[in-house]
>>> print(open('upload.csv').read())   # CSV, C-alpha atoms
chain,number,residue,atom,x,y,z
A,1,MET,CA,-124.9,-48.7,-126.0
A,2,LYS,CA,-122.6,-49.5,-128.9
A,3,THR,CA,-123.9,-50.4,-132.3
A,4,ILE,CA,-122.0,-53.0,-134.3
A,5,LYS,CA,-122.6,-53.4,-138.0
A,6,THR,CA,-123.0,-56.7,-139.7
A,7,ASN,CA,-122.6,-57.7,-143.4
A,8,ILE,CA,-126.3,-56.9,-143.9
A,9,PRO,CA,-126.8,-53.2,-143.1
A,10,GLU,CA,-130.3,-53.4,-141.6
A,11,VAL,CA,-129.3,-56.2,-139.1
A,12,ILE,CA,-127.2,-54.9,-136.2
A,13,ARG,CA,-125.7,-56.0,-132.9
A,14,LEU,CA,-126.1,-53.9,-129.9
A,15,LYS,CA,-123.5,-54.0,-127.1
A,16,PRO,CA,-124.9,-52.5,-123.9
A,17,ASP,CA,-123.1,-50.6,-121.3
A,18,VAL,CA,-122.8,-53.1,-118.4
A,19,PHE,CA,-122.0,-51.7,-114.9
A,20,GLN,CA,-120.5,-54.5,-112.8
A,21,ASP,CA,-119.0,-54.7,-109.4
A,22,GLU,CA,-118.7,-57.3,-106.6
A,23,ARG,CA,-122.5,-57.2,-106.1
A,24,GLY,CA,-123.4,-58.2,-109.7
A,25,PHE,CA,-124.2,-56.0,-112.7
A,26,PHE,CA,-126.7,-53.5,-114.1
A,27,MET,CA,-127.6,-52.9,-117.7
A,28,GLU,CA,-130.3,-51.4,-119.8
A,29,THR,CA,-131.9,-54.0,-122.1
A,30,PHE,CA,-134.1,-51.6,-124.1
A,31,ARG,CA,-134.7,-48.0,-124.9
A,32,THR,CA,-137.1,-46.7,-127.6
A,33,ASN,CA,-134.5,-44.5,-129.0
A,34,TRP,CA,-132.3,-47.5,-129.9
A,35,LEU,CA,-134.7,-48.5,-132.7
A,36,PRO,CA,-137.0,-45.4,-132.9
A,37,ASP,CA,-138.8,-46.5,-136.1
A,38,PHE,CA,-140.2,-49.6,-134.5
A,39,ASN,CA,-142.8,-50.3,-131.8
A,40,PHE,CA,-142.5,-53.4,-129.8
A,41,VAL,CA,-145.8,-55.2,-128.9
A,42,GLN,CA,-144.9,-58.6,-127.5
A,43,ASP,CA,-142.1,-60.1,-125.4
A,44,ASN,CA,-141.2,-63.8,-125.7
A,45,HIS,CA,-139.0,-66.2,-123.6
A,46,SER,CA,-137.8,-69.6,-124.6
A,47,LYS,CA,-135.6,-72.2,-122.9
A,48,SER,CA,-133.9,-74.9,-125.0
A,49,ILE,CA,-131.4,-77.7,-124.4
A,50,LYS,CA,-128.0,-78.1,-126.2
A,51,ASN,CA,-128.0,-78.6,-129.9
A,52,THR,CA,-131.6,-77.4,-130.3
A,53,LEU,CA,-132.1,-75.4,-133.5
A,54,ARG,CA,-135.1,-73.2,-133.8
A,55,GLY,CA,-135.8,-71.7,-137.2
A,56,LEU,CA,-135.6,-70.3,-139.7
A,57,HIS,CA,-138.9,-68.7,-138.9
A,58,TYR,CA,-140.9,-65.7,-140.2
A,59,GLN,CA,-144.4,-64.4,-140.7
A,60,LEU,CA,-145.6,-62.9,-144.0
A,61,LYS,CA,-148.8,-60.9,-143.3
A,62,ASN,CA,-147.6,-59.8,-139.8
A,63,PRO,CA,-143.8,-59.6,-140.3
A,64,GLN,CA,-142.0,-59.3,-137.0
A,65,GLY,CA,-138.9,-57.4,-136.2
A,66,LYS,CA,-137.1,-59.1,-133.3
A,67,LEU,CA,-134.7,-57.7,-130.7
A,68,VAL,CA,-133.1,-60.8,-129.2
A,69,ARG,CA,-130.8,-61.6,-126.3
A,70,VAL,CA,-129.7,-64.6,-124.2
A,71,THR,CA,-130.0,-64.3,-120.4
A,72,GLN,CA,-128.6,-67.8,-119.7
A,73,GLY,CA,-126.3,-70.0,-121.7
A,74,GLU,CA,-125.1,-69.4,-125.3
A,75,VAL,CA,-126.6,-69.5,-128.8
A,76,PHE,CA,-125.5,-68.9,-132.4
A,77,ASP,CA,-128.2,-66.5,-133.7
A,78,VAL,CA,-128.9,-66.0,-137.4
A,79,ALA,CA,-130.9,-63.6,-139.7
A,80,VAL,CA,-131.6,-64.4,-143.3
A,81,ASP,CA,-132.8,-61.7,-145.7
A,82,LEU,CA,-136.0,-62.7,-147.4
A,83,ARG,CA,-136.8,-59.4,-149.1
A,84,LEU,CA,-136.9,-60.5,-152.8
A,85,ASP,CA,-135.7,-57.1,-154.3
A,86,SER,CA,-133.0,-56.5,-151.7
A,87,GLU,CA,-129.3,-56.5,-152.6
A,88,THR,CA,-128.7,-58.9,-149.8
A,89,TYR,CA,-131.6,-61.3,-150.6
A,90,GLY,CA,-130.8,-64.9,-149.5
A,91,ARG,CA,-127.8,-63.8,-147.5
A,92,TRP,CA,-127.4,-64.5,-143.8
A,93,THR,CA,-125.6,-63.0,-140.9
A,94,GLY,CA,-125.1,-64.4,-137.4
A,95,CYS,CA,-123.4,-63.9,-134.1
A,96,ILE,CA,-122.9,-65.5,-130.7
A,97,LEU,CA,-125.2,-64.3,-128.0
A,98,ASN,CA,-124.5,-65.3,-124.4
A,99,GLU,CA,-125.0,-64.3,-120.8
A,100,THR,CA,-121.4,-63.0,-120.7
A,101,ASN,CA,-121.3,-60.7,-123.7
A,102,LYS,CA,-124.9,-59.6,-123.0
A,103,GLU,CA,-125.3,-58.4,-126.7
A,104,LEU,CA,-128.6,-57.9,-128.4
A,105,PHE,CA,-129.2,-58.7,-132.0
A,106,TRP,CA,-131.7,-56.8,-134.1
A,107,VAL,CA,-133.5,-58.9,-136.8
A,108,PRO,CA,-135.8,-56.5,-138.8
A,109,PRO,CA,-139.1,-57.4,-140.4
A,110,GLY,CA,-138.4,-59.1,-143.8
A,111,PHE,CA,-135.9,-61.5,-142.3
A,112,ALA,CA,-136.1,-65.2,-141.2
A,113,HIS,CA,-134.7,-65.8,-137.8
A,114,GLY,CA,-133.2,-68.9,-136.1
A,115,PHE,CA,-130.8,-69.9,-133.4
A,116,LEU,CA,-128.7,-73.0,-132.3
A,117,VAL,CA,-128.1,-73.6,-128.6
A,118,LEU,CA,-124.4,-74.1,-128.0
A,119,SER,CA,-124.4,-74.5,-124.2
A,120,GLU,CA,-126.1,-77.2,-122.1
A,121,MET,CA,-129.2,-75.0,-121.9
A,122,ALA,CA,-130.1,-71.5,-123.0
A,123,GLU,CA,-132.7,-69.0,-122.1
A,124,PHE,CA,-133.6,-66.7,-125.0
A,125,GLN,CA,-135.6,-63.6,-124.7
A,126,TYR,CA,-136.9,-61.3,-127.4
A,127,LYS,CA,-139.1,-58.3,-128.2
A,128,CYS,CA,-141.3,-58.4,-131.3
A,129,THR,CA,-142.7,-55.6,-133.4
A,130,ASP,CA,-145.9,-57.5,-134.3
A,131,PHE,CA,-148.0,-60.1,-132.6
A,132,TYR,CA,-147.4,-63.8,-133.2
A,133,SER,CA,-150.1,-65.2,-135.6
A,134,PRO,CA,-150.2,-69.0,-135.8
A,135,GLY,CA,-151.8,-69.0,-139.2
A,136,ASP,CA,-149.1,-66.8,-140.6
A,137,GLU,CA,-146.0,-68.8,-139.7
A,138,PHE,CA,-143.5,-70.0,-142.2
A,139,SER,CA,-140.1,-71.6,-142.1
A,140,ILE,CA,-137.0,-72.0,-144.4
A,141,ALA,CA,-134.9,-75.2,-144.2
A,142,TRP,CA,-132.1,-74.6,-141.7
A,143,ASN,CA,-129.6,-76.4,-143.9
A,144,ASP,CA,-130.6,-74.8,-147.3
A,145,PRO,CA,-127.5,-75.2,-149.5
A,146,ASP,CA,-128.2,-71.9,-151.3
A,147,ILE,CA,-128.2,-69.9,-148.1
A,148,ALA,CA,-125.3,-72.0,-146.7
A,149,ILE,CA,-125.3,-71.0,-143.0
A,150,ASP,CA,-122.2,-72.0,-141.3
A,151,TRP,CA,-123.9,-73.5,-138.2
A,152,PRO,CA,-121.4,-74.4,-135.5
A,153,CYS,CA,-122.6,-78.0,-134.9
A,154,SER,CA,-120.9,-81.3,-135.4
A,155,SER,CA,-124.1,-83.4,-135.4
A,156,GLN,CA,-127.7,-83.2,-136.6
A,157,PRO,CA,-129.4,-80.6,-134.4
A,158,LEU,CA,-132.6,-81.2,-132.5
A,159,LEU,CA,-135.5,-79.9,-134.7
A,160,SER,CA,-139.3,-79.6,-134.4
A,161,LYS,CA,-141.3,-81.4,-137.1
A,162,LYS,CA,-142.2,-78.0,-138.6
A,163,ASP,CA,-138.5,-77.2,-138.9
A,164,SER,CA,-137.6,-80.6,-140.3
A,165,ASP,CA,-140.2,-80.3,-143.0
A,166,ALA,CA,-139.4,-76.6,-143.9
A,167,PRO,CA,-138.9,-75.9,-147.6
A,168,LEU,CA,-135.8,-74.5,-149.3
A,169,LEU,CA,-135.7,-70.8,-150.0
A,170,LYS,CA,-136.2,-71.3,-153.7
A,171,ASP,CA,-139.6,-73.0,-152.9
A,172,ALA,CA,-140.7,-70.6,-150.1
A,173,ALA,CA,-142.9,-67.6,-150.1
A,174,VAL,CA,-140.8,-64.4,-149.4
A,175,TYR,CA,-141.2,-60.7,-149.0
A,176,GLN,CA,-141.1,-57.8,-151.4
A,177,LYS,CA,-138.6,-55.2,-149.9
A,178,LYS,CA,-140.9,-52.4,-148.7
A,179,SER,CA,-144.5,-53.6,-149.0
A,180,PHE,CA,-144.0,-57.2,-147.6
A,181,GLU,CA,-146.2,-58.5,-150.4
A,182,VAL,CA,-146.0,-62.3,-150.8
A,183,ARG,CA,-144.5,-64.0,-153.8
A,184,SER,CA,-146.0,-67.4,-154.4
>>> encode(input="upload.csv", output="structure tokens")
Amino acid sequence: MKTIKTNIPEVIRLKPDVFQDERGFFMETFRTNWLPDFNFVQDNHSKSIKNTLRGLHYQLKNPQGKLVRVTQGEVFDVAVDLRLDSETYGRWTGCILNETNKELFWVPPGFAHGFLVLSEMAEFQYKCTDFYSPGDEFSIAWNDPDIAIDWPCSSQPLLSKKDSDAPLLKDAAVYQKKSFEVRS
């Protein structure tokens, strides 16, 4: 496993060792020593069609770290720092995840997460450090001009109603760096 740094130190890409031959391939998709400070409690799997944008999502009371990967297709995956007293507050980092590069992307607690499907369809799988809590879900507008994510899409993406109605970062509740206290 090779660790690849991003422009936000806590967010990393993981490039696994892939052993491939004429029969197919083998790779490890997780080891506890890759992220030893985190305990994963839930696995999720989604399937989406081209131009679907999911995000930018986060939970405040039960912040989730997410170790994400794509098993079919291709997505542009993004993490946005929502830790109010962080040096990188409001900044984003992103990468392409696909079935060919087999990379994993670590989005720590304290970050909003989202992805855009670039292929005809994509299957997206991720491990979470806390359980999903429906009453604790928040979103930031995918096209917030202050965050200015450079989404690789030429048309309006397909959004859920929740994502269409998401507030701008300046109007959203966010985290304190270490305690994850809410700013209203």
>>> residues_near_point(input="upload.csv", point="(-142.3, -63.9, -139.4)", cutoff="9 Å", atoms="all atoms listed in the file", output="PyMOL selection string")
chain A and resi 57-65+109-113+130+132-133+136-139
>>> residues_around(input="upload.csv", residues="A:Gly55", least_positions_apart="3", cutoff="10 Å", atoms="only C-alpha atoms", output="list in words")
Thr52, Tyr58, Asp77, Val78, Ala79, Ala112, His113, Gly114, Phe115, Leu116, Phe138, Ser139, Ile140, Ala141, Trp142, Leu159, Ser160, Lys162, Asp163, Ser164 and Ala166 of chain A
>>> closest_atom_pairs(input="upload.csv", of="stretch 78-144 of chain A", to="stretch 20-29 of chain A", cutoff="12 Å", atoms="only C-alpha atoms", output="CSV")
residue,atom,partner,partner_atom,distance
A:Glu99,CA,A:Phe25,CA,11.6
A:Thr100,CA,A:Phe25,CA,11.0
A:Asn101,CA,A:Met27,CA,11.7
A:Lys102,CA,A:Met27,CA,9.0
A:Glu103,CA,A:Thr29,CA,9.2
A:Leu104,CA,A:Thr29,CA,8.1
A:Phe105,CA,A:Thr29,CA,11.3
A:Gln125,CA,A:Thr29,CA,10.6
A:Tyr126,CA,A:Thr29,CA,10.3
A:Lys127,CA,A:Thr29,CA,10.4
>>> closest_residue(input="upload.csv", among="A:Thr3, A:Asn33, A:Ser155, A:Asn143", to="A:Leu56", atoms="only C-alpha atoms")
A:Asn143
>>> closest_residue(input="upload.csv", among="A:Ala173, A:Val107, A:Val41, A:Leu118", to="A:Val80", atoms="all atoms listed in the file")
A:Val107
>>> closest_residue(input="upload.csv", among="A:Gly135, A:Pro108, A:Gly73, A:Pro157", to="A:Pro9", atoms="all atoms listed in the file")
A:Pro108
>>> closest_residue(input="upload.csv", among="A:Thr93, A:Lys66, A:Leu82, A:Ser119", to="A:Gln42", atoms="all atoms listed in the file")
A:Lys66
>>> residues_around(input="upload.csv", residues="A:Ile96", least_positions_apart="4", cutoff="8 Å", atoms="only C-alpha atoms", output="short mmCIF file (atom, residue, chain, number, x, y, z; two decimals) with C-alpha atoms, in the coordinates of the input")
data_model
loop_
_atom_site.label_atom_id
_atom_site.label_comp_id
_atom_site.auth_asym_id
_atom_site.auth_seq_id
_atom_site.Cartn_x
_atom_site.Cartn_y
_atom_site.Cartn_z
CA GLU A 74 -125.10 -69.40 -125.30
CA VAL A 75 -126.60 -69.50 -128.80
CA PHE A 76 -125.50 -68.90 -132.40
CA ASP A 77 -128.20 -66.50 -133.70
#
>>> closest_residue(input="upload.csv", among="A:Pro16, A:Pro134, A:Gly90, A:Pro36", to="A:Val174", atoms="all atoms listed in the file")
A:Gly90
>>> residues_around(input="upload.csv", residues="A:Ile4", least_positions_apart="4", cutoff="7 Å", atoms="all atoms listed in the file", output="PyMOL selection string")
chain A and resi 12-14
>>> closest_residue(input="upload.csv", among="A:Leu84, A:Ala148, A:Leu35, A:Ala122", to="A:Met1", atoms="all atoms listed in the file")
A:Leu35
>>> axis_aligned_box(input="upload.csv", around="stretch 48-63 of chain A", padding_each_side="3 Å", output="AutoDock Vina command-line options")
--center_x -138.4 --center_y -69.1 --center_z -134.2 --size_x 26.8 --size_y 25.0 --size_z 25.6
>>> residues_around(input="upload.csv", residues="A:Leu158", least_positions_apart="2", cutoff="9 Å", atoms="only C-alpha atoms", output="list in words")
Ile49, Lys50, Asn51, Thr52, Leu53, Arg54, Gln156 and Ser160 of chain A
>>> write_last_selection(input="upload.csv", atoms="C-alpha atoms", output="PDB file, in the coordinates of the input")
ATOM      1  CA  ILE A  49    -131.400 -77.700-124.400  1.00  0.00           C
ATOM      2  CA  LYS A  50    -128.000 -78.100-126.200  1.00  0.00           C
ATOM      3  CA  ASN A  51    -128.000 -78.600-129.900  1.00  0.00           C
ATOM      4  CA  THR A  52    -131.600 -77.400-130.300  1.00  0.00           C
ATOM      5  CA  LEU A  53    -132.100 -75.400-133.500  1.00  0.00           C
ATOM      6  CA  ARG A  54    -135.100 -73.200-133.800  1.00  0.00           C
ATOM      7  CA  GLN A 156    -127.700 -83.200-136.600  1.00  0.00           C
ATOM      8  CA  SER A 160    -139.300 -79.600-134.400  1.00  0.00           C
TER       9      SER A 160
END
>>> atom_distance(input="upload.csv", atom1="atom CA of A:Met121", atom2="atom CA of A:Lys47")
7.1 Å
>>> atom_distance(input="upload.csv", atom1="atom CA of A:Ser154", atom2="atom CA of A:Val117")
12.5 Å
